[in-house]
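Chemist: Supplied in structure tokens, the structure appears directly below.
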Amino acid sequence: MLDDEGGPPRRRPLGGGVMPSVIAEIARAVLAALEGGEPVVTATVIRSDPGQRSMPVVGSKLLVRPDGSTVGTFRGGAIEQTVKQACLDQLRRHGTRLLRLDANGGELDDRHVTSSLDVLIEVVETPPVLLIVGAGHIGRSLCKLAAEVGFAVTVLDDRPDYANRERLPEATQVLCQDFDEALKDFPITPNTYIVMVSRGHKQDELSLRRVVGKPAAYIGMIGSKRRTGTVLQHLEAEGVPRAALDAVHTPIGLDIGAETPEEIAVSILAEMIMVRRGGSGRTMYYRRGGMAELETSGAAAGTIAAEQHE
């Protein structure tokens, strides 16, 4: 079949101006991310001002990798750079957001009624992995809660009466093994969260020694300031860098006055979600009359609107 000029048929873009080869490359990258490869971020135009001819059209797609490389295009320029940076920022929050832009690629907030371009940004990755070291009451409660919010949970304990499927049906994996041996071989990535809630000082120190400094998203250890401080001092004396020890969340969790194992599990999970999503841990309400003070500071109001939107 020839085209109108008698030559071979030309490759025509799909809807939204995206070439089939680009769609295929984006699809392959998305599938690889879902199968355990590196995460990627997709950006899709869901609204475009038809009066702005330089705008990418509805359906245009851009894929951004963690190293900043891209597949697809939003016609370059300021708009593409803004979208690319927003994708990289969203990668640290592991979620979805709506990016609203003006005709020059400037980001708009919720105070603007209309925008020239709306882009849906989505992080594509496997579920976060939570490794719980210790299958006691707190570990069991944390397993239930974490599985409910989307973590793939592995629970490790060396006691058969505790580390078994009957007690931990929500876990993706239950390991009844020696702590040292299991942690030596456990894969730890930037998508791994590690919580040490074992039965004693000895087990916690042994476990932390195996995982500290690894590229985990979160490492937390339960215990009082005195007990956990002693563990950190021991590891520092062994040569573990101070920066790696400072990254350990210990005592663990947010201060919500938790007392029961279930409440402590809530505290721990809340801190992990805060780290994962980039939250502040502050309360989000304000009392009547408080807005008068906030309205005197546009920056403060904008910050609260952005945090609520995220």
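Just remember, in the structure tokens the first chain shown is A, the second B, etc., residues are 1-based per chain, and ligands are 1-based in the order shown.
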Please identify which residues in range 79-230 of chain A DSSP calls strand (DSSP E or B) from the backbone, and express them as an NGL selection string.
Modeler: :A and (96-101 or 107-108 or 117-124 or 129-133 or 152-157 or 173-176 or 192-196 or 218-221)
Chemist: Export, as a short mmCIF file (atom, residue, chain, number, x, y, z; two decimals), in the first residue's frame, the selected residues with N, CA and C atoms.
Modeler:
data_model
loop_
_atom_site.label_atom_id
_atom_site.label_comp_id
_atom_site.auth_asym_id
_atom_site.auth_seq_id
_atom_site.Cartn_x
_atom_site.Cartn_y
_atom_site.Cartn_z
N THR A 96 0.42 9.16 43.50
CA THR A 96 -0.16 9.80 42.33
C THR A 96 -0.50 11.25 42.66
N ARG A 97 -0.31 12.13 41.69
CA ARG A 97 -0.70 13.52 41.91
C ARG A 97 -1.17 14.15 40.61
N LEU A 98 -1.93 15.21 40.72
CA LEU A 98 -2.36 16.00 39.57
C LEU A 98 -1.51 17.25 39.53
N LEU A 99 -0.81 17.45 38.41
CA LEU A 99 0.04 18.62 38.21
C LEU A 99 -0.70 19.60 37.31
N ARG A 100 -0.90 20.83 37.78
CA ARG A 100 -1.61 21.85 37.01
C ARG A 100 -0.63 22.94 36.63
N LEU A 101 -0.59 23.27 35.33
CA LEU A 101 0.40 24.22 34.81
C LEU A 101 -0.26 25.35 34.04
N GLU A 107 3.90 26.04 37.72
CA GLU A 107 2.98 25.19 38.48
C GLU A 107 1.95 26.03 39.20
N LEU A 108 0.70 25.57 39.16
CA LEU A 108 -0.41 26.25 39.80
C LEU A 108 -0.88 25.46 41.01
N LEU A 117 -2.87 23.34 31.40
CA LEU A 117 -2.49 21.94 31.21
C LEU A 117 -2.62 21.19 32.52
N ASP A 118 -3.29 20.05 32.47
CA ASP A 118 -3.38 19.16 33.62
C ASP A 118 -2.69 17.84 33.28
N VAL A 119 -1.79 17.42 34.15
CA VAL A 119 -1.00 16.21 33.91
C VAL A 119 -1.16 15.27 35.10
N LEU A 120 -1.53 14.03 34.82
CA LEU A 120 -1.63 13.00 35.86
C LEU A 120 -0.29 12.30 35.97
N ILE A 121 0.31 12.35 37.17
CA ILE A 121 1.62 11.75 37.42
C ILE A 121 1.43 10.53 38.31
N GLU A 122 1.97 9.39 37.88
CA GLU A 122 1.78 8.13 38.61
C GLU A 122 3.11 7.40 38.75
N VAL A 123 3.45 7.01 39.97
CA VAL A 123 4.63 6.20 40.23
C VAL A 123 4.26 4.73 40.05
N VAL A 124 5.07 4.02 39.28
CA VAL A 124 4.82 2.60 39.02
C VAL A 124 5.96 1.80 39.67
N VAL A 129 8.31 -3.50 50.68
CA VAL A 129 8.54 -4.69 51.48
C VAL A 129 8.82 -4.28 52.92
N LEU A 130 8.09 -4.87 53.85
CA LEU A 130 8.34 -4.64 55.27
C LEU A 130 8.89 -5.92 55.89
N LEU A 131 10.08 -5.83 56.44
CA LEU A 131 10.68 -6.94 57.17
C LEU A 131 10.54 -6.66 58.66
N ILE A 132 9.76 -7.49 59.33
CA ILE A 132 9.57 -7.36 60.78
C ILE A 132 10.43 -8.40 61.46
N VAL A 133 11.39 -7.95 62.24
CA VAL A 133 12.27 -8.86 62.98
C VAL A 133 11.69 -9.00 64.39
N ALA A 152 4.12 -5.60 51.47
CA ALA A 152 4.37 -7.04 51.39
C ALA A 152 5.22 -7.40 52.61
N VAL A 153 4.64 -8.10 53.56
CA VAL A 153 5.26 -8.27 54.88
C VAL A 153 5.98 -9.61 55.01
N THR A 154 7.23 -9.54 55.45
CA THR A 154 7.98 -10.72 55.85
C THR A 154 8.23 -10.63 57.35
N VAL A 155 7.94 -11.69 58.07
CA VAL A 155 8.17 -11.72 59.52
C VAL A 155 9.24 -12.77 59.82
N LEU A 156 10.23 -12.36 60.60
CA LEU A 156 11.34 -13.25 60.96
C LEU A 156 11.40 -13.45 62.47
N ASP A 157 11.50 -14.70 62.88
CA ASP A 157 11.71 -15.03 64.30
C ASP A 157 12.33 -16.42 64.34
N GLN A 173 5.42 -13.65 53.74
CA GLN A 173 6.44 -14.66 54.00
C GLN A 173 6.71 -14.72 55.49
N VAL A 174 6.85 -15.92 56.03
CA VAL A 174 7.20 -16.12 57.43
C VAL A 174 8.49 -16.94 57.48
N LEU A 175 9.51 -16.40 58.15
CA LEU A 175 10.80 -17.07 58.24
C LEU A 175 11.06 -17.48 59.68
N CYS A 176 11.18 -18.78 59.89
CA CYS A 176 11.58 -19.28 61.20
C CYS A 176 13.04 -19.72 61.08
N THR A 192 12.68 -1.27 50.75
CA THR A 192 12.57 -2.16 51.91
C THR A 192 12.49 -1.35 53.20
N TYR A 193 11.57 -1.74 54.06
CA TYR A 193 11.41 -1.13 55.38
C TYR A 193 11.68 -2.22 56.42
N ILE A 194 12.49 -1.89 57.42
CA ILE A 194 12.90 -2.90 58.40
C ILE A 194 12.55 -2.42 59.80
N VAL A 195 11.86 -3.27 60.54
CA VAL A 195 11.47 -2.94 61.91
C VAL A 195 11.95 -4.05 62.83
N MET A 196 12.69 -3.66 63.87
CA MET A 196 13.21 -4.63 64.83
C MET A 196 12.44 -4.52 66.14
N TYR A 218 13.84 2.56 55.32
CA TYR A 218 13.56 2.84 56.72
C TYR A 218 14.12 1.70 57.55
N ILE A 219 14.82 2.05 58.63
CA ILE A 219 15.27 1.06 59.61
C ILE A 219 14.86 1.59 60.98
N GLY A 220 14.09 0.80 61.72
CA GLY A 220 13.64 1.23 63.03
C GLY A 220 13.85 0.14 64.06
N MET A 221 14.18 0.55 65.29
CA MET A 221 14.42 -0.42 66.37
C MET A 221 13.70 0.03 67.63
#
Chemist: Report as a ChimeraX atom specification all protein, DNA and RNA residues lying within 12 Å of Gln233 in chain A, evaluated on only C-alpha atoms, omitting residues in the same chain fewer than 6 positions from it.
Modeler: /A:205,209,225-227,239-242,245-246
Chemist: Write out, as a tab-separated table, each residue of range 117-174 of chain A that has an atom at most 9 Å from range 29-35 of chain A, together with the closest pair of atoms and their distance in Å to one decimal, counting only C-alpha atoms, rows going by chain and rising number.
Modeler:
residue	atom	partner	partner_atom	distance
A:Val124	CA	A:Ala33	CA	6.3
A:Glu125	CA	A:Ala33	CA	5.2
A:Thr126	CA	A:Leu34	CA	5.2
A:Pro127	CA	A:Leu34	CA	8.7
Chemist: Neighbours of Ala243 in chain A within 12 Å (only C-alpha atoms; same-chain residues fewer than 6 positions away dropped), as a compact mmCIF listing (two decimals) with C-alpha atoms, in the first residue's frame?
Modeler:
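Written output follows (part09.txt):
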# COMPACT_ATOMS: atom_id res chain seq x y z
CA VAL A 212 22.58 -0.85 59.34
CA GLY A 213 24.05 1.07 56.42
CA LYS A 214 22.11 -0.98 53.87
CA LEU A 232 24.21 2.38 68.98
CA LEU A 235 28.08 -0.44 66.92
CA GLU A 236 29.87 2.88 66.72
Chemist: Check the DSSP output for the backbone and give back, as a PyMOL selection string, the residues of range 24-226 of chain A in alpha helix (DSSP H).
Modeler: chain A and resi 24-34+77-91+137-148+179-185+201-211+225-226
Chemist: Find the distance between CA of Asn104 in chain A and CA of Leu91 in chain A and write it in Å to one decimal.
Modeler: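 CA of Leu91 in chain A lies at a distance of 23.8 Å from CA of Asn104 in chain A.
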Chemist: Pick the closest to Val57 in chain A from A:Gly279, A:Gly200, A:Ala270, A:Arg75: which is it, counting only C-alpha atoms?
Modeler: A:Arg75
Chemist: Pro128 in chain A: which residues within 12 Å, counting only C-alpha atoms, same-chain residues fewer than 6 positions away excluded, as an NGL selection string?
Modeler: :A and (34 or 36 or 39 or 94-95 or 146-147 or 149-154 or 172 or 188-194 or 216-218 or 272-273 or 276-277)
Chemist: Compile the contact shell of Leu168 in chain A as a PyMOL selection string: residues with an atom at most 9 Å away, counting only C-alpha atoms, same-chain residues fewer than 2 positions apart removed.
Modeler: chain A and resi 135+140+143-144+155+162-166+170-171+174
Chemist: From the set A:Asp110, A:Cys87, A:Ala43, A:Arg53, which residue has the shortest atom-to-atom contact distance to Phe74 in chain A, counting only C-alpha atoms?
Modeler: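 Of all the options, A:Ala43 lies closest to Phe74 in chain A.
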Chemist: One decimal, Å: what's the distance from CA of Asp204 in chain A over to CA of Ser280 in chain A, could you say?
Modeler: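 Atom-to-atom, CA of Asp204 in chain A and CA of Ser280 in chain A are spaced 27.5 Å apart.
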Chemist: Report the distance between CA of Arg28 in chain A and CA of Val45 in chain A in Å, rounded to one decimal place.
Modeler: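 Distance reported for this atom pair: 19.8 Å.
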